[in-house]
Amino acid sequence: MKRTLAPALLAAAVLLAGPAFAHRPGPAPLPRPKLVVGIVVDQMRYDYLYRYWDKFGSGGFRRLLGQGFSYASCHYNYVPTYTGPGHSSIYTGTTPANHGIVGNNWYVREDGKSTYVTEDKTVQAVGGSAVAGQQSPRHLLTTTITDELRLATNFQSKTIGVCIKDRGSILPAGHAASAAYWYDGANGAFISSTFYTQALPEWVNKFNAAGHAAEYLSKPWNTLLPLAQYTESTPDDEPWEGAFKGEDKPVFPHDLPRLSAGLPAVVSATLKATGETAPKATPQNLDLIRSTPFGNSLTADFAIETIRAEQMGQRGPTDFLALSFSSTDYVGHQFGTTAVETEDTYLRLDQDIARVLDYLDKTVGKGQALVFLTADHAADQSPGFLQAHRLPGGGVGPNVMRDSLQRALVRRHGPGAWVLDYENQQVYLNRPLLAQKGLDLAKVQAEMADLLLRLPHVAQAITATDLQRGHWSEGTGMFQENGFYAPRSGDVLAVLEPGWLEAYGFPAVKGTTHGASWAYDTHVPLLFWGWGVKHGESAAPVKIVDVAPTVAQWLHIQEPSGCTGTPLREVLGR
């Protein structure tokens, strides 16, 4: 039987032992950063870090590179390389095969129609329009690193997602988020849904009421530097750039107060190829801000206000701000990778990132915040640019491909809607019709793969049956396998030749897009900066799924539930 001292005897023992016993220090607190800030730049190629190096200031990208740790060979290891899967893979530490986010949209066989990645009709908008607000992370099948931080601290940590795009905020914030906010162009406000809250905090209402979006759009978009200094870009007016609706040419200055919020039809079609939603016109034209660099500035403003109002990194437990900048994607889709507009957007983003880093120094403390920066995907060159310089590449019309496949199956098997959808470079076959006709699914999949290979610029085609039966540790098969989740993926998956991209505006291809497994779409920056990070660089090949387990090691918490990545030893100093 264990004996204990009575309270009076214990007190006497303390007095006899003296001050050394009475003031014995407790265990040292677990070393953790006060705040983690995950920055994701939408559609950022790795080479942008150095393409615009001479024009960057000292406080943004240069500061991250000069004081932090850079992985020069970070790649995505699956397809399709789109925004929804990209953000999900960064924060879950695994690929679509496990987290289930196989695209920005995918065909739902049970419903007979496509669904959007964060669409959730069971929730309601908070602070915005119904369609914009009916969003949640319910389609995401695994936990995120932000979820795990909440679990590890018994939900004392605050985890908040901020982005103009709903999916860029919701998916990183995770299932157990304290909050997630995204932009609604219908009223120019940052909004949320009842998945997170029943009402916006007063500080959010106050921020929205200030009319920041309208203020940014009240002035023309002119270049930050004199136009002649943009020597890293092609001339201001190129035939492959998409003009704003209401403009005769895609040239500076862009008269934002006058312009409509709608994108040209050809650009909207290009966005559709990757499931991007084109901005919708509103009486105040407030959604136009997405397609300008000021969408990033608005996001930085809101992020700084989030840190201030929520006292993130200043309360005790480690907090996590998932911050994504998406205007880079809208601008890239419209103007392409080599446009003056794209360079100007990155020069201004450099200033916005510097503002965020400076604010972290002032509020959380120098060296007290851990920051990582990466991208959800990169981008191909504009087809027009490639062809103008005699480089291989161009646009392929997905609708043309779908119609060709449908006609071929009608010729072989008779009338019927054989192809239900062609999305994410995947063919969805009418399985009930196949069963009705007594056709074997695997055989028709193989037949469809053979038909795909006969189409121009299709390099490879693989069936869902083969993906489920085989295993690939490298090559295009590995990318397809990692991006395949049977309940949501198609029956046959196509691979276009390098340089060739899906273009719904075919043959008039404007701007650019992404989604492939080739290096121009998979190679992204990966920078770590701040708490516990020593300056350095590694050329070792790493995968985007390695980010989450690396952060988990830093925080001494469990990695996400479906994690397949590996902690990065160099930056951890191990």
# chains A, B, ... in the order shown; residues from 1 in each chain; ligands from 1
$ residues_around --residues "Thr512 (chain A)" --least-positions-apart "4" --cutoff "10 Å" --atoms "only C-alpha atoms" --output "number ranges by chain"
A: 240-242, 267, 270-271, 329, 331-337, 379-385, 394-395, 501-503
$ select_by_dssp --residues "region 270-499 of chain A" --states "helix (DSSP H, G or I)" --output "short mmCIF file (atom, residue, chain, number, x, y, z; two decimals) with N, CA, C and O atoms, in the first residue's frame"
data_model
loop_
_atom_site.label_atom_id
_atom_site.label_comp_id
_atom_site.auth_asym_id
_atom_site.auth_seq_id
_atom_site.Cartn_x
_atom_site.Cartn_y
_atom_site.Cartn_z
N THR A 270 -11.10 28.35 -71.10
CA THR A 270 -9.83 27.80 -70.63
C THR A 270 -9.89 27.49 -69.14
O THR A 270 -9.40 26.46 -68.68
N LEU A 271 -10.53 28.39 -68.38
CA LEU A 271 -10.71 28.13 -66.96
C LEU A 271 -11.53 26.87 -66.72
O LEU A 271 -11.25 26.08 -65.82
N LYS A 272 -12.53 26.67 -67.57
CA LYS A 272 -13.40 25.51 -67.42
C LYS A 272 -12.62 24.21 -67.54
O LYS A 272 -12.97 23.20 -66.92
N LEU A 286 -17.31 43.91 -58.50
CA LEU A 286 -16.37 43.60 -57.43
C LEU A 286 -15.63 42.29 -57.63
O LEU A 286 -14.57 42.08 -57.04
N ASP A 287 -16.16 41.40 -58.45
CA ASP A 287 -15.47 40.14 -58.67
C ASP A 287 -14.27 40.28 -59.61
O ASP A 287 -13.45 39.38 -59.69
N LEU A 288 -14.19 41.40 -60.29
CA LEU A 288 -13.06 41.64 -61.19
C LEU A 288 -11.74 41.62 -60.45
O LEU A 288 -10.70 41.31 -61.04
N ILE A 289 -11.77 41.91 -59.17
CA ILE A 289 -10.52 41.99 -58.40
C ILE A 289 -9.76 40.68 -58.41
O ILE A 289 -8.53 40.66 -58.29
N ARG A 290 -10.47 39.55 -58.59
CA ARG A 290 -9.79 38.26 -58.65
C ARG A 290 -8.73 38.24 -59.74
O ARG A 290 -7.67 37.65 -59.57
N SER A 291 -9.03 38.86 -60.87
CA SER A 291 -8.17 38.79 -62.04
C SER A 291 -7.16 39.92 -62.10
O SER A 291 -6.62 40.23 -63.17
N PHE A 294 -4.51 42.98 -57.28
CA PHE A 294 -5.08 43.55 -56.05
C PHE A 294 -5.94 42.55 -55.30
O PHE A 294 -6.28 42.77 -54.14
N GLY A 295 -6.29 41.45 -55.95
CA GLY A 295 -6.93 40.36 -55.22
C GLY A 295 -5.99 39.78 -54.19
O GLY A 295 -6.40 39.42 -53.07
N ASN A 296 -4.70 39.71 -54.54
CA ASN A 296 -3.70 39.25 -53.56
C ASN A 296 -3.51 40.28 -52.45
O ASN A 296 -3.34 39.92 -51.28
N SER A 297 -3.52 41.55 -52.81
CA SER A 297 -3.37 42.60 -51.79
C SER A 297 -4.54 42.58 -50.82
O SER A 297 -4.35 42.73 -49.60
N LEU A 298 -5.75 42.38 -51.34
CA LEU A 298 -6.93 42.27 -50.49
C LEU A 298 -6.80 41.07 -49.55
O LEU A 298 -7.14 41.14 -48.36
N THR A 299 -6.29 39.96 -50.07
CA THR A 299 -6.09 38.76 -49.26
C THR A 299 -5.07 39.02 -48.16
O THR A 299 -5.28 38.59 -47.01
N ALA A 300 -3.98 39.71 -48.48
CA ALA A 300 -2.97 40.04 -47.46
C ALA A 300 -3.56 40.96 -46.40
O ALA A 300 -3.29 40.78 -45.20
N ASP A 301 -4.36 41.93 -46.83
CA ASP A 301 -5.02 42.81 -45.86
C ASP A 301 -5.86 42.00 -44.87
O ASP A 301 -5.80 42.23 -43.66
N PHE A 302 -6.64 41.07 -45.42
CA PHE A 302 -7.53 40.29 -44.57
C PHE A 302 -6.73 39.34 -43.67
O PHE A 302 -7.10 39.12 -42.51
N ALA A 303 -5.65 38.78 -44.19
CA ALA A 303 -4.82 37.89 -43.39
C ALA A 303 -4.20 38.63 -42.20
O ALA A 303 -4.18 38.11 -41.07
N ILE A 304 -3.70 39.81 -42.45
CA ILE A 304 -3.11 40.61 -41.36
C ILE A 304 -4.17 40.95 -40.32
O ILE A 304 -3.92 40.87 -39.11
N GLU A 305 -5.37 41.29 -40.79
CA GLU A 305 -6.45 41.60 -39.85
C GLU A 305 -6.87 40.34 -39.07
O GLU A 305 -7.24 40.44 -37.89
N THR A 306 -6.80 39.19 -39.71
CA THR A 306 -7.11 37.93 -39.02
C THR A 306 -6.13 37.69 -37.88
O THR A 306 -6.53 37.33 -36.76
N ILE A 307 -4.84 37.88 -38.14
CA ILE A 307 -3.83 37.69 -37.10
C ILE A 307 -4.07 38.66 -35.94
O ILE A 307 -4.00 38.29 -34.76
N ARG A 308 -4.37 39.91 -36.30
CA ARG A 308 -4.60 40.93 -35.26
C ARG A 308 -5.84 40.63 -34.43
O ARG A 308 -5.79 40.57 -33.19
N ALA A 309 -6.97 40.43 -35.11
CA ALA A 309 -8.24 40.29 -34.40
C ALA A 309 -8.33 39.00 -33.60
O ALA A 309 -8.91 38.97 -32.51
N GLU A 310 -7.74 37.92 -34.14
CA GLU A 310 -7.80 36.63 -33.46
C GLU A 310 -6.61 36.39 -32.54
O GLU A 310 -6.51 35.34 -31.92
N SER A 327 -4.94 35.22 -57.00
CA SER A 327 -5.03 36.08 -58.17
C SER A 327 -3.94 35.76 -59.19
O SER A 327 -4.11 36.01 -60.39
N THR A 328 -2.84 35.21 -58.74
CA THR A 328 -1.79 34.77 -59.66
C THR A 328 -2.34 33.75 -60.66
O THR A 328 -1.93 33.71 -61.82
N ASP A 329 -3.27 32.91 -60.21
CA ASP A 329 -3.86 31.90 -61.08
C ASP A 329 -4.78 32.52 -62.11
O ASP A 329 -4.72 32.20 -63.30
N TYR A 330 -5.64 33.43 -61.67
CA TYR A 330 -6.56 34.08 -62.61
C TYR A 330 -5.79 34.86 -63.68
O TYR A 330 -6.11 34.81 -64.87
N VAL A 331 -4.77 35.60 -63.24
CA VAL A 331 -3.95 36.37 -64.18
C VAL A 331 -3.21 35.44 -65.13
O VAL A 331 -3.15 35.68 -66.34
N GLY A 332 -2.64 34.37 -64.61
CA GLY A 332 -1.92 33.42 -65.45
C GLY A 332 -2.81 32.78 -66.49
O GLY A 332 -2.43 32.64 -67.66
N HIS A 333 -4.02 32.36 -66.09
CA HIS A 333 -4.95 31.78 -67.04
C HIS A 333 -5.27 32.75 -68.17
O HIS A 333 -5.37 32.35 -69.33
N GLN A 334 -5.43 34.00 -67.84
CA GLN A 334 -5.88 34.97 -68.83
C GLN A 334 -4.74 35.45 -69.74
O GLN A 334 -4.93 35.57 -70.95
N PHE A 335 -3.59 35.72 -69.15
CA PHE A 335 -2.52 36.36 -69.92
C PHE A 335 -1.36 35.43 -70.26
O PHE A 335 -0.56 35.75 -71.14
N VAL A 340 3.48 40.65 -69.30
CA VAL A 340 3.81 41.74 -68.38
C VAL A 340 2.86 41.72 -67.19
O VAL A 340 3.26 41.96 -66.05
N GLU A 341 1.58 41.39 -67.44
CA GLU A 341 0.60 41.32 -66.36
C GLU A 341 1.00 40.28 -65.32
O GLU A 341 0.83 40.51 -64.11
N THR A 342 1.53 39.17 -65.76
CA THR A 342 1.96 38.13 -64.83
C THR A 342 3.15 38.59 -64.01
O THR A 342 3.18 38.42 -62.78
N GLU A 343 4.13 39.19 -64.66
CA GLU A 343 5.29 39.70 -63.92
C GLU A 343 4.87 40.77 -62.92
O GLU A 343 5.30 40.76 -61.76
N ASP A 344 4.02 41.69 -63.34
CA ASP A 344 3.58 42.76 -62.45
C ASP A 344 2.83 42.19 -61.24
O ASP A 344 2.99 42.68 -60.12
N THR A 345 2.05 41.13 -61.47
CA THR A 345 1.33 40.50 -60.37
C THR A 345 2.29 39.91 -59.36
O THR A 345 2.07 40.03 -58.14
N TYR A 346 3.37 39.31 -59.82
CA TYR A 346 4.35 38.73 -58.89
C TYR A 346 5.17 39.80 -58.18
O TYR A 346 5.54 39.64 -57.01
N LEU A 347 5.47 40.89 -58.86
CA LEU A 347 6.20 41.98 -58.19
C LEU A 347 5.35 42.58 -57.08
O LEU A 347 5.86 42.92 -56.00
N ARG A 348 4.06 42.69 -57.31
CA ARG A 348 3.17 43.22 -56.28
C ARG A 348 2.93 42.19 -55.17
O ARG A 348 2.83 42.56 -53.99
N LEU A 349 2.86 40.91 -55.54
CA LEU A 349 2.73 39.87 -54.52
C LEU A 349 3.95 39.86 -53.61
O LEU A 349 3.84 39.65 -52.40
N ASP A 350 5.12 40.11 -54.18
CA ASP A 350 6.35 40.19 -53.40
C ASP A 350 6.21 41.23 -52.29
O ASP A 350 6.61 41.01 -51.15
N GLN A 351 5.59 42.35 -52.62
CA GLN A 351 5.37 43.40 -51.62
C GLN A 351 4.33 42.97 -50.58
O GLN A 351 4.47 43.28 -49.39
N ASP A 352 3.30 42.25 -51.03
CA ASP A 352 2.28 41.79 -50.09
C ASP A 352 2.85 40.77 -49.11
O ASP A 352 2.53 40.79 -47.92
N ILE A 353 3.69 39.87 -49.61
CA ILE A 353 4.32 38.89 -48.72
C ILE A 353 5.24 39.60 -47.73
O ILE A 353 5.29 39.23 -46.54
N ALA A 354 5.95 40.62 -48.18
CA ALA A 354 6.81 41.39 -47.28
C ALA A 354 5.99 42.03 -46.17
O ALA A 354 6.42 42.06 -45.00
N ARG A 355 4.80 42.52 -46.50
CA ARG A 355 3.92 43.11 -45.48
C ARG A 355 3.53 42.08 -44.42
O ARG A 355 3.51 42.37 -43.23
N VAL A 356 3.21 40.87 -44.88
CA VAL A 356 2.82 39.81 -43.96
C VAL A 356 3.99 39.44 -43.05
O VAL A 356 3.84 39.31 -41.81
N LEU A 357 5.18 39.28 -43.62
CA LEU A 357 6.36 38.91 -42.82
C LEU A 357 6.69 39.99 -41.80
O LEU A 357 7.03 39.69 -40.64
N ASP A 358 6.62 41.25 -42.21
CA ASP A 358 6.89 42.36 -41.29
C ASP A 358 5.88 42.36 -40.14
O ASP A 358 6.24 42.62 -38.98
N TYR A 359 4.63 42.07 -40.46
CA TYR A 359 3.61 42.07 -39.41
C TYR A 359 3.84 40.92 -38.42
O TYR A 359 3.63 41.08 -37.22
N LEU A 360 4.31 39.79 -38.93
CA LEU A 360 4.64 38.68 -38.04
C LEU A 360 5.76 39.08 -37.08
O LEU A 360 5.72 38.76 -35.88
N ASP A 361 6.77 39.77 -37.59
CA ASP A 361 7.87 40.23 -36.74
C ASP A 361 7.36 41.13 -35.62
O ASP A 361 7.79 41.03 -34.46
N LYS A 362 6.43 42.03 -35.96
CA LYS A 362 5.96 43.03 -35.01
C LYS A 362 5.01 42.45 -33.97
O LYS A 362 4.98 42.91 -32.82
N THR A 363 4.22 41.46 -34.35
CA THR A 363 3.19 40.96 -33.44
C THR A 363 3.56 39.64 -32.78
O THR A 363 3.47 39.50 -31.56
N PRO A 383 0.08 28.18 -75.52
CA PRO A 383 0.28 27.49 -76.80
C PRO A 383 0.75 28.44 -77.90
O PRO A 383 1.62 28.09 -78.70
N GLY A 384 0.20 29.65 -77.93
CA GLY A 384 0.61 30.61 -78.95
C GLY A 384 2.06 31.01 -78.81
O GLY A 384 2.77 31.19 -79.81
N PHE A 385 2.51 31.16 -77.56
CA PHE A 385 3.91 31.50 -77.32
C PHE A 385 4.82 30.37 -77.81
O PHE A 385 5.84 30.61 -78.46
N LEU A 386 4.46 29.12 -77.49
CA LEU A 386 5.27 27.98 -77.92
C LEU A 386 5.36 27.92 -79.44
O LEU A 386 6.45 27.74 -80.01
N GLN A 387 4.23 28.07 -80.10
CA GLN A 387 4.22 27.98 -81.55
C GLN A 387 4.95 29.14 -82.20
O GLN A 387 5.61 28.97 -83.24
N ALA A 388 4.88 30.33 -81.59
CA ALA A 388 5.58 31.49 -82.14
C ALA A 388 7.09 31.31 -82.11
O ALA A 388 7.81 31.90 -82.92
N PRO A 398 -10.97 19.37 -75.55
CA PRO A 398 -11.59 18.25 -74.85
C PRO A 398 -12.95 17.86 -75.42
O PRO A 398 -13.27 16.67 -75.47
N ASN A 399 -13.72 18.85 -75.81
CA ASN A 399 -15.03 18.54 -76.39
C ASN A 399 -14.88 17.77 -77.71
O ASN A 399 -15.67 16.88 -78.02
N VAL A 400 -13.86 18.14 -78.47
CA VAL A 400 -13.59 17.44 -79.73
C VAL A 400 -13.21 15.99 -79.43
O VAL A 400 -13.67 15.05 -80.12
N MET A 401 -12.40 15.79 -78.40
CA MET A 401 -11.99 14.44 -78.02
C MET A 401 -13.20 13.62 -77.57
O MET A 401 -13.40 12.48 -77.99
N ARG A 402 -14.02 14.21 -76.73
CA ARG A 402 -15.20 13.50 -76.23
C ARG A 402 -16.12 13.11 -77.38
O ARG A 402 -16.60 11.97 -77.45
N ASP A 403 -16.39 14.05 -78.28
CA ASP A 403 -17.29 13.76 -79.39
C ASP A 403 -16.73 12.68 -80.31
O ASP A 403 -17.47 11.84 -80.83
N SER A 404 -15.41 12.69 -80.51
CA SER A 404 -14.78 11.68 -81.35
C SER A 404 -14.94 10.29 -80.74
O SER A 404 -15.24 9.31 -81.44
N LEU A 405 -14.75 10.19 -79.44
CA LEU A 405 -14.90 8.92 -78.75
C LEU A 405 -16.35 8.44 -78.79
O LEU A 405 -16.62 7.25 -79.00
N GLN A 406 -17.28 9.34 -78.57
CA GLN A 406 -18.69 8.99 -78.59
C GLN A 406 -19.09 8.45 -79.98
O GLN A 406 -19.76 7.40 -80.08
N ARG A 407 -18.66 9.12 -81.02
CA ARG A 407 -19.02 8.68 -82.38
C ARG A 407 -18.42 7.30 -82.68
O ARG A 407 -19.05 6.45 -83.31
N ALA A 408 -17.18 7.08 -82.22
CA ALA A 408 -16.53 5.80 -82.48
C ALA A 408 -17.28 4.66 -81.79
O ALA A 408 -17.44 3.57 -82.37
N LEU A 409 -17.73 4.88 -80.57
CA LEU A 409 -18.47 3.83 -79.87
C LEU A 409 -19.84 3.59 -80.49
O LEU A 409 -20.34 2.45 -80.50
N VAL A 410 -20.46 4.63 -81.00
CA VAL A 410 -21.74 4.45 -81.70
C VAL A 410 -21.55 3.59 -82.94
O VAL A 410 -22.36 2.69 -83.22
N ARG A 411 -20.47 3.84 -83.68
CA ARG A 411 -20.20 3.04 -84.88
C ARG A 411 -19.97 1.57 -84.53
O ARG A 411 -20.36 0.67 -85.26
N ARG A 412 -19.34 1.33 -83.37
CA ARG A 412 -19.00 -0.05 -83.00
C ARG A 412 -20.14 -0.79 -82.30
O ARG A 412 -20.30 -2.00 -82.47
N HIS A 413 -20.89 -0.04 -81.46
CA HIS A 413 -21.85 -0.74 -80.60
C HIS A 413 -23.29 -0.25 -80.76
O HIS A 413 -24.17 -0.71 -80.02
N ARG A 431 -21.76 3.09 -67.63
CA ARG A 431 -21.70 1.72 -67.16
C ARG A 431 -23.06 1.01 -67.18
O ARG A 431 -23.14 -0.17 -67.54
N PRO A 432 -24.17 1.68 -66.80
CA PRO A 432 -25.47 1.01 -66.91
C PRO A 432 -25.80 0.61 -68.35
O PRO A 432 -26.37 -0.46 -68.59
N LEU A 433 -25.41 1.45 -69.32
CA LEU A 433 -25.66 1.11 -70.72
C LEU A 433 -24.82 -0.09 -71.14
O LEU A 433 -25.30 -0.97 -71.88
N LEU A 434 -23.58 -0.13 -70.68
CA LEU A 434 -22.73 -1.28 -70.99
C LEU A 434 -23.35 -2.57 -70.45
O LEU A 434 -23.38 -3.61 -71.14
N ALA A 435 -23.84 -2.52 -69.22
CA ALA A 435 -24.46 -3.69 -68.63
C ALA A 435 -25.72 -4.10 -69.41
O ALA A 435 -25.97 -5.29 -69.63
N GLN A 436 -26.49 -3.09 -69.81
CA GLN A 436 -27.71 -3.35 -70.57
C GLN A 436 -27.41 -4.05 -71.89
O GLN A 436 -28.14 -4.94 -72.33
N LEU A 441 -17.06 -4.38 -69.01
CA LEU A 441 -16.52 -3.05 -68.71
C LEU A 441 -15.03 -2.98 -69.02
O LEU A 441 -14.56 -2.03 -69.67
N ALA A 442 -14.25 -3.95 -68.55
CA ALA A 442 -12.79 -3.91 -68.76
C ALA A 442 -12.45 -3.92 -70.24
O ALA A 442 -11.51 -3.22 -70.67
N LYS A 443 -13.19 -4.68 -71.05
CA LYS A 443 -12.91 -4.74 -72.48
C LYS A 443 -13.24 -3.42 -73.17
O LYS A 443 -12.50 -2.96 -74.05
N VAL A 444 -14.35 -2.78 -72.78
CA VAL A 444 -14.70 -1.49 -73.38
C VAL A 444 -13.72 -0.42 -72.93
O VAL A 444 -13.36 0.48 -73.69
N GLN A 445 -13.25 -0.48 -71.68
CA GLN A 445 -12.21 0.46 -71.22
C GLN A 445 -10.96 0.32 -72.09
O GLN A 445 -10.37 1.33 -72.51
N ALA A 446 -10.54 -0.91 -72.35
CA ALA A 446 -9.36 -1.13 -73.19
C ALA A 446 -9.61 -0.64 -74.61
O ALA A 446 -8.71 -0.06 -75.24
N GLU A 447 -10.80 -0.83 -75.09
CA GLU A 447 -11.17 -0.34 -76.43
C GLU A 447 -11.09 1.18 -76.47
O GLU A 447 -10.58 1.77 -77.43
N MET A 448 -11.58 1.82 -75.39
CA MET A 448 -11.55 3.29 -75.32
C MET A 448 -10.11 3.80 -75.23
O MET A 448 -9.76 4.81 -75.84
N ALA A 449 -9.26 3.10 -74.50
CA ALA A 449 -7.85 3.50 -74.41
C ALA A 449 -7.20 3.45 -75.79
O ALA A 449 -6.42 4.35 -76.16
N ASP A 450 -7.53 2.41 -76.56
CA ASP A 450 -6.98 2.29 -77.92
C ASP A 450 -7.47 3.43 -78.80
O ASP A 450 -6.70 3.99 -79.60
N LEU A 451 -8.74 3.80 -78.65
CA LEU A 451 -9.29 4.92 -79.43
C LEU A 451 -8.62 6.23 -79.05
O LEU A 451 -8.33 7.07 -79.91
N LEU A 452 -8.37 6.43 -77.76
CA LEU A 452 -7.72 7.65 -77.31
C LEU A 452 -6.33 7.79 -77.92
O LEU A 452 -5.91 8.88 -78.33
N LEU A 453 -5.60 6.69 -77.98
CA LEU A 453 -4.24 6.73 -78.51
C LEU A 453 -4.19 7.07 -79.99
O LEU A 453 -3.14 7.45 -80.51
N ALA A 464 -8.93 2.25 -65.90
CA ALA A 464 -9.11 2.16 -64.46
C ALA A 464 -8.84 0.74 -63.97
O ALA A 464 -8.27 0.54 -62.89
N THR A 465 -9.22 -0.24 -64.77
CA THR A 465 -8.98 -1.63 -64.39
C THR A 465 -7.50 -1.92 -64.26
O THR A 465 -7.04 -2.55 -63.29
N ASP A 466 -6.71 -1.45 -65.22
CA ASP A 466 -5.25 -1.67 -65.16
C ASP A 466 -4.63 -0.94 -63.98
O ASP A 466 -3.69 -1.44 -63.34
N LEU A 467 -5.14 0.27 -63.68
CA LEU A 467 -4.61 1.03 -62.55
C LEU A 467 -4.86 0.29 -61.24
O LEU A 467 -4.00 0.28 -60.35
N GLN A 468 -6.01 -0.34 -61.13
CA GLN A 468 -6.34 -1.04 -59.89
C GLN A 468 -5.60 -2.37 -59.76
O GLN A 468 -5.39 -2.86 -58.65
N ARG A 469 -5.20 -2.94 -60.86
CA ARG A 469 -4.52 -4.24 -60.83
C ARG A 469 -3.00 -4.10 -60.76
O ARG A 469 -2.31 -5.04 -60.35
N GLY A 475 7.43 7.12 -63.49
CA GLY A 475 6.85 7.35 -64.81
C GLY A 475 5.41 7.84 -64.74
O GLY A 475 4.85 8.10 -63.68
N THR A 476 4.80 7.98 -65.92
CA THR A 476 3.44 8.51 -65.98
C THR A 476 2.43 7.60 -65.28
O THR A 476 1.42 8.08 -64.77
N GLY A 477 2.70 6.30 -65.26
CA GLY A 477 1.82 5.38 -64.54
C GLY A 477 1.73 5.71 -63.07
O GLY A 477 0.65 5.62 -62.45
N MET A 478 2.86 6.11 -62.47
CA MET A 478 2.88 6.49 -61.06
C MET A 478 2.01 7.72 -60.82
O MET A 478 1.24 7.77 -59.85
N PHE A 479 2.11 8.71 -61.70
CA PHE A 479 1.29 9.91 -61.56
C PHE A 479 -0.20 9.57 -61.64
O PHE A 479 -1.01 10.08 -60.85
N GLN A 480 -0.56 8.71 -62.58
CA GLN A 480 -1.96 8.34 -62.74
C GLN A 480 -2.45 7.52 -61.54
O GLN A 480 -3.56 7.74 -61.05
N GLU A 481 -1.64 6.60 -61.08
CA GLU A 481 -2.03 5.76 -59.94
C GLU A 481 -2.25 6.62 -58.70
O GLU A 481 -3.23 6.43 -57.96
N ASN A 482 -1.35 7.55 -58.44
CA ASN A 482 -1.46 8.40 -57.26
C ASN A 482 -2.65 9.36 -57.33
O ASN A 482 -3.14 9.81 -56.29
#
$ residues_around --residues "Gly565 (chain A)" --least-positions-apart "2" --cutoff "8 Å" --atoms "only C-alpha atoms" --output "PyMOL selection string"
chain A and resi 93-94+543-549+563+567
$ write_last_selection --atoms "N, CA, C and O atoms" --output "mmCIF file, in the first residue's frame"
data_model
loop_
_atom_site.group_PDB
_atom_site.id
_atom_site.type_symbol
_atom_site.label_atom_id
_atom_site.label_comp_id
_atom_site.auth_asym_id
_atom_site.auth_seq_id
_atom_site.Cartn_x
_atom_site.Cartn_y
_atom_site.Cartn_z
ATOM 1 N N GLY A 93 -0.643 15.620 -46.727
ATOM 2 C CA GLY A 93 0.565 14.810 -46.851
ATOM 3 C C GLY A 93 0.357 13.541 -47.645
ATOM 4 O O GLY A 93 1.106 12.578 -47.500
ATOM 5 N N THR A 94 -0.647 13.531 -48.517
ATOM 6 C CA THR A 94 -0.884 12.369 -49.353
ATOM 7 C C THR A 94 -1.488 12.811 -50.682
ATOM 8 O O THR A 94 -1.698 13.996 -50.919
ATOM 9 N N LYS A 543 8.878 15.575 -52.608
ATOM 10 C CA LYS A 543 7.504 15.568 -53.091
ATOM 11 C C LYS A 543 6.664 16.526 -52.257
ATOM 12 O O LYS A 543 6.941 16.758 -51.077
ATOM 13 N N ILE A 544 5.627 17.042 -52.874
ATOM 14 C CA ILE A 544 4.764 17.992 -52.177
ATOM 15 C C ILE A 544 4.123 17.358 -50.947
ATOM 16 O O ILE A 544 3.828 18.045 -49.967
ATOM 17 N N VAL A 545 3.934 16.034 -50.971
ATOM 18 C CA VAL A 545 3.317 15.364 -49.822
ATOM 19 C C VAL A 545 4.245 15.301 -48.621
ATOM 20 O O VAL A 545 3.835 14.851 -47.541
ATOM 21 N N ASP A 546 5.498 15.749 -48.776
ATOM 22 C CA ASP A 546 6.442 15.760 -47.665
ATOM 23 C C ASP A 546 6.273 16.975 -46.756
ATOM 24 O O ASP A 546 6.845 17.020 -45.661
ATOM 25 N N VAL A 547 5.494 17.963 -47.199
ATOM 26 C CA VAL A 547 5.349 19.191 -46.412
ATOM 27 C C VAL A 547 4.655 18.911 -45.083
ATOM 28 O O VAL A 547 5.137 19.304 -44.014
ATOM 29 N N ALA A 548 3.507 18.252 -45.120
ATOM 30 C CA ALA A 548 2.725 18.039 -43.903
ATOM 31 C C ALA A 548 3.479 17.229 -42.841
ATOM 32 O O ALA A 548 3.496 17.616 -41.665
ATOM 33 N N PRO A 549 4.120 16.102 -43.198
ATOM 34 C CA PRO A 549 4.848 15.373 -42.147
ATOM 35 C C PRO A 549 6.045 16.141 -41.610
ATOM 36 O O PRO A 549 6.434 15.951 -40.447
ATOM 37 N N CYS A 563 -1.476 10.256 -44.346
ATOM 38 C CA CYS A 563 -0.163 10.753 -44.789
ATOM 39 C C CYS A 563 0.710 9.643 -45.374
ATOM 40 O O CYS A 563 0.865 8.573 -44.786
ATOM 41 N N PRO A 567 9.140 13.135 -43.698
ATOM 42 C CA PRO A 567 9.715 14.372 -43.162
ATOM 43 C C PRO A 567 11.036 14.710 -43.840
ATOM 44 O O PRO A 567 11.848 13.824 -44.116
#
$ residues_around --residues "region 248-250 of chain A" --least-positions-apart "4" --cutoff "8 Å" --atoms "only C-alpha atoms" --output "list in words"
Asp236, Asp237, Glu238, Glu241, Gly242, Ala243, Phe244 and His254 of chain A
$ write_last_selection --atoms "C-alpha atoms" --output "PDB file, in the first residue's frame"
ATOM      1  CA  ASP A 236       2.601  44.012 -73.681  1.00  0.00           C
ATOM      2  CA  ASP A 237       0.328  43.020 -76.565  1.00  0.00           C
ATOM      3  CA  GLU A 238       0.543  39.415 -77.748  1.00  0.00           C
ATOM      4  CA  GLU A 241      -3.226  37.018 -74.223  1.00  0.00           C
ATOM      5  CA  GLY A 242      -6.877  37.406 -73.236  1.00  0.00           C
ATOM      6  CA  ALA A 243      -8.244  40.918 -72.932  1.00  0.00           C
ATOM      7  CA  PHE A 244     -10.745  41.927 -70.277  1.00  0.00           C
ATOM      8  CA  HIS A 254      -6.267  48.383 -67.546  1.00  0.00           C
TER       9      HIS A 254
END
